[in-house]
Amino acid sequence: MNRISLLCKHPFVWLARFRHRRGYGVHSPFAFHLITGVIYETAPYYKYSSLLEEEKRLAVQRPKSWRSEPLKVKRLLFRLVNYARPETVVDAGCLSASSLYLKAGREGAVYTYAAELDELFLEAGVPVDFLYLHDWRRPDFVEEVFRLCVGRTRGCSVFVIEGIRYTRTMRRLWEAMKQDERCGVTFDLYDLGIIFFDRTKVKQHYLVNF
């Protein structure tokens with residue numbers, strides 16, 4: 001299934017999820033704030049303009065393997081990192097423009113990029129506070145990176161998984177992630193899955209029309 005066919009499906013996905021928009025029916029203060037104040041936040045963050053300019057400069061020299069997610073996804077990643085304030089950020093998957101947004105969301109965080117498993121160098125004892133896992137065409141890679149990183153989480157950790165609904169295999173993998181006893185509150189945005197690891201909050205799964 002290619003990216004074009006996925007995008008063509010989105011109007012139907014949007015209609016199917018219409019009642020799950022902007023926190024409608026969500027009673028948890030934490031979940032409501034995340035949906036309305038982070039996921040649906042529309043304020044023009046001060047770094048958006050400079051990030052677009054930086055993307056344009058990189059576009060002329062980027063390799064053929066370079067990929068760029070939709071702007072709304074990149075900006076959401078920026079907001080999530082800005083919200084979570086992680087000390088460590090792991091970016092695992094295809095080389096993409098999202099790296100700019102992950103770094104900008106929390107300047108000073110230790111950033112690690114890995115396109116392959118043998119590039120995922122994690123020092124002993126260092127937690128994974130924020131993980132962006134984006135290579136849904138390689139579910140085995142996604143599963144193994146998740147396995148390696150989930151054991152290094154703490155209460156403030158946040159994982160973002162791309163393509164959780166794109167294929168049958170990814171859908172099964174997302175369901176397994178949600179059921180992992182170490183995972184807490186999760187959000188299904190269709191294109192992305194977001195996992196929080198704060199176990200002081202009741203474990204719930206939210207569907208969001210993003």
# chains A, B, ... in the order shown; residues from 1 in each chain; ligands from 1

call {"tool": "select_by_dssp", "arguments": {"residues": "stretch 52-109 of chain A", "states": "helix (DSSP H, G or I)", "output": "PyMOL selection string"}}
result
chain A and resi 52-59+71-84+98-105

call {"tool": "residues_around", "arguments": {"residues": "A:Val160", "least_positions_apart": "6", "cutoff": "8 Å", "atoms": "only C-alpha atoms", "output": "ChimeraX atom specification"}}
result
/A:130-133,192-195

call {"tool": "write_last_selection", "arguments": {"atoms": "N, CA and C atoms", "output": "short mmCIF file (atom, residue, chain, number, x, y, z; two decimals), in the first residue's frame"}}
result
data_model
loop_
_atom_site.label_atom_id
_atom_site.label_comp_id
_atom_site.auth_asym_id
_atom_site.auth_seq_id
_atom_site.Cartn_x
_atom_site.Cartn_y
_atom_site.Cartn_z
N PHE A 130 11.72 10.17 25.08
CA PHE A 130 10.84 10.41 23.93
C PHE A 130 11.35 9.57 22.77
N LEU A 131 10.44 8.79 22.18
CA LEU A 131 10.78 7.96 21.02
C LEU A 131 9.83 8.28 19.88
N TYR A 132 10.40 8.62 18.72
CA TYR A 132 9.61 8.72 17.49
C TYR A 132 10.03 7.55 16.61
N LEU A 133 9.13 6.61 16.42
CA LEU A 133 9.39 5.36 15.71
C LEU A 133 8.62 5.38 14.40
N LEU A 192 -0.76 8.27 13.58
CA LEU A 192 0.19 8.14 14.68
C LEU A 192 -0.49 7.50 15.89
N GLY A 193 0.32 6.78 16.66
CA GLY A 193 -0.12 6.32 17.98
C GLY A 193 0.77 6.97 19.01
N ILE A 194 0.20 7.44 20.10
CA ILE A 194 0.97 8.09 21.16
C ILE A 194 0.79 7.28 22.44
N ILE A 195 1.91 6.94 23.07
CA ILE A 195 1.88 6.13 24.30
C ILE A 195 2.53 6.92 25.43
#

call {"tool": "residues_around", "arguments": {"residues": "A:Tyr40", "least_positions_apart": "2", "cutoff": "12 Å", "atoms": "only C-alpha atoms", "output": "list in words"}}
result
Arg21, Arg22, Gly23, Phe32, His33, Leu34, Ile35, Thr36, Gly37, Val38, Thr42, Ala43, Pro44, Lys72, Val73, Arg75, Leu76, Arg79, Leu80, Leu189, Val208, Asn209 and Phe210 of chain A

call {"tool": "write_last_selection", "arguments": {"atoms": "C-alpha atoms", "output": "tab-separated table (two decimals), in the first residue's frame"}}
result
chain	number	residue	atom	x	y	z
A	21	ARG	CA	-12.75	15.46	17.60
A	22	ARG	CA	-11.39	18.17	19.90
A	23	GLY	CA	-11.87	16.21	23.12
A	32	PHE	CA	-8.65	16.49	27.45
A	33	HIS	CA	-5.73	18.88	27.91
A	34	LEU	CA	-3.47	16.82	25.64
A	35	ILE	CA	-6.11	16.69	22.90
A	36	THR	CA	-7.19	20.32	23.05
A	37	GLY	CA	-3.95	21.96	24.17
A	38	VAL	CA	-1.34	19.92	22.29
A	42	THR	CA	-3.26	25.93	16.37
A	43	ALA	CA	-1.24	28.79	17.83
A	44	PRO	CA	1.72	29.75	15.60
A	72	LYS	CA	0.72	18.81	10.64
A	73	VAL	CA	2.60	15.68	11.80
A	75	ARG	CA	4.40	20.34	14.00
A	76	LEU	CA	2.64	17.90	16.31
A	79	ARG	CA	4.51	20.32	20.28
A	80	LEU	CA	4.71	16.89	21.91
A	189	LEU	CA	-4.64	9.38	15.73
A	208	VAL	CA	-8.73	11.08	18.11
A	209	ASN	CA	-9.80	12.57	14.79
A	210	PHE	CA	-6.53	14.20	13.74

call {"tool": "residues_around", "arguments": {"residues": "A:Glu162", "least_positions_apart": "2", "cutoff": "6 Å", "atoms": "only C-alpha atoms", "output": "list of chain:residue names"}}
result
A:His134, A:Ile164, A:Asp191, A:Leu192

call {"tool": "select_by_dssp", "arguments": {"residues": "stretch 46-200 of chain A", "states": "strand (DSSP E)", "output": "list of chain:residue names"}}
result
A:Thr88, A:Val89, A:Val90, A:Asp91, A:Ala92, A:Gly93, A:Val110, A:Tyr111, A:Thr112, A:Tyr113, A:Ala114, A:Phe130, A:Leu131, A:Tyr132, A:Leu133, A:His134, A:Val158, A:Phe159, A:Val160, A:Ile161, A:Glu162, A:Thr186, A:Phe187, A:Asp188, A:Leu192, A:Gly193, A:Ile194, A:Ile195, A:Phe196

call {"tool": "write_last_selection", "arguments": {"atoms": "C-alpha atoms", "output": "PDB file, in the first residue's frame"}}
result
ATOM      1  CA  THR A  88      16.623  12.154  25.739  1.00  0.00           C
ATOM      2  CA  VAL A  89      15.030  11.867  22.276  1.00  0.00           C
ATOM      3  CA  VAL A  90      15.369   8.758  20.084  1.00  0.00           C
ATOM      4  CA  ASP A  91      14.479   9.137  16.401  1.00  0.00           C
ATOM      5  CA  ALA A  92      14.245   5.682  14.787  1.00  0.00           C
ATOM      6  CA  GLY A  93      13.275   5.142  11.179  1.00  0.00           C
ATOM      7  CA  VAL A 110      20.326  14.314  23.961  1.00  0.00           C
ATOM      8  CA  TYR A 111      19.227  13.333  20.429  1.00  0.00           C
ATOM      9  CA  THR A 112      19.912   9.883  18.940  1.00  0.00           C
ATOM     10  CA  TYR A 113      19.060   8.899  15.353  1.00  0.00           C
ATOM     11  CA  ALA A 114      18.994   5.328  14.044  1.00  0.00           C
ATOM     12  CA  PHE A 130      10.842  10.413  23.933  1.00  0.00           C
ATOM     13  CA  LEU A 131      10.780   7.965  21.023  1.00  0.00           C
ATOM     14  CA  TYR A 132       9.610   8.716  17.492  1.00  0.00           C
ATOM     15  CA  LEU A 133       9.394   5.360  15.705  1.00  0.00           C
ATOM     16  CA  HIS A 134       8.628   5.827  12.026  1.00  0.00           C
ATOM     17  CA  VAL A 158       6.343   9.313  25.592  1.00  0.00           C
ATOM     18  CA  PHE A 159       6.464   7.124  22.463  1.00  0.00           C
ATOM     19  CA  VAL A 160       5.066   8.190  19.077  1.00  0.00           C
ATOM     20  CA  ILE A 161       4.531   5.389  16.544  1.00  0.00           C
ATOM     21  CA  GLU A 162       3.876   6.197  12.888  1.00  0.00           C
ATOM     22  CA  THR A 186      -2.638   5.775  24.629  1.00  0.00           C
ATOM     23  CA  PHE A 187      -3.986   7.918  21.800  1.00  0.00           C
ATOM     24  CA  ASP A 188      -4.887   6.596  18.343  1.00  0.00           C
ATOM     25  CA  LEU A 192       0.186   8.143  14.684  1.00  0.00           C
ATOM     26  CA  GLY A 193      -0.121   6.323  17.976  1.00  0.00           C
ATOM     27  CA  ILE A 194       0.969   8.087  21.162  1.00  0.00           C
ATOM     28  CA  ILE A 195       1.884   6.131  24.298  1.00  0.00           C
ATOM     29  CA  PHE A 196       2.388   7.596  27.759  1.00  0.00           C
TER      30      PHE A 196
END

call {"tool": "residues_around", "arguments": {"residues": "A:Val81", "least_positions_apart": "6", "cutoff": "7 Å", "atoms": "only C-alpha atoms", "output": "short mmCIF file (atom, residue, chain, number, x, y, z; two decimals) with C-alpha atoms, in the first residue's frame"}}
result
data_model
loop_
_atom_site.label_atom_id
_atom_site.label_comp_id
_atom_site.auth_asym_id
_atom_site.auth_seq_id
_atom_site.Cartn_x
_atom_site.Cartn_y
_atom_site.Cartn_z
CA LEU A 102 12.19 16.89 17.30
CA GLY A 105 11.04 21.06 20.51
CA ARG A 106 13.57 20.58 23.30
#

call {"tool": "atom_distance", "arguments": {"atom1": "atom CA of A:Glu55", "atom2": "atom CA of A:Arg67"}}
result
11.3 Å

call {"tool": "atom_distance", "arguments": {"atom1": "atom CA of A:Arg154", "atom2": "atom CA of A:Arg138"}}
result
26.3 Å

call {"tool": "closest_residue", "arguments": {"among": "A:Leu117, A:Val142, A:Ala109, A:Met177", "to": "A:Asp129", "atoms": "only C-alpha atoms"}}
result
A:Ala109

call {"tool": "closest_residue", "arguments": {"among": "A:Asp198, A:Glu181, A:Glu116, A:Glu87", "to": "A:Phe141", "atoms": "only C-alpha atoms"}}
result
A:Glu116
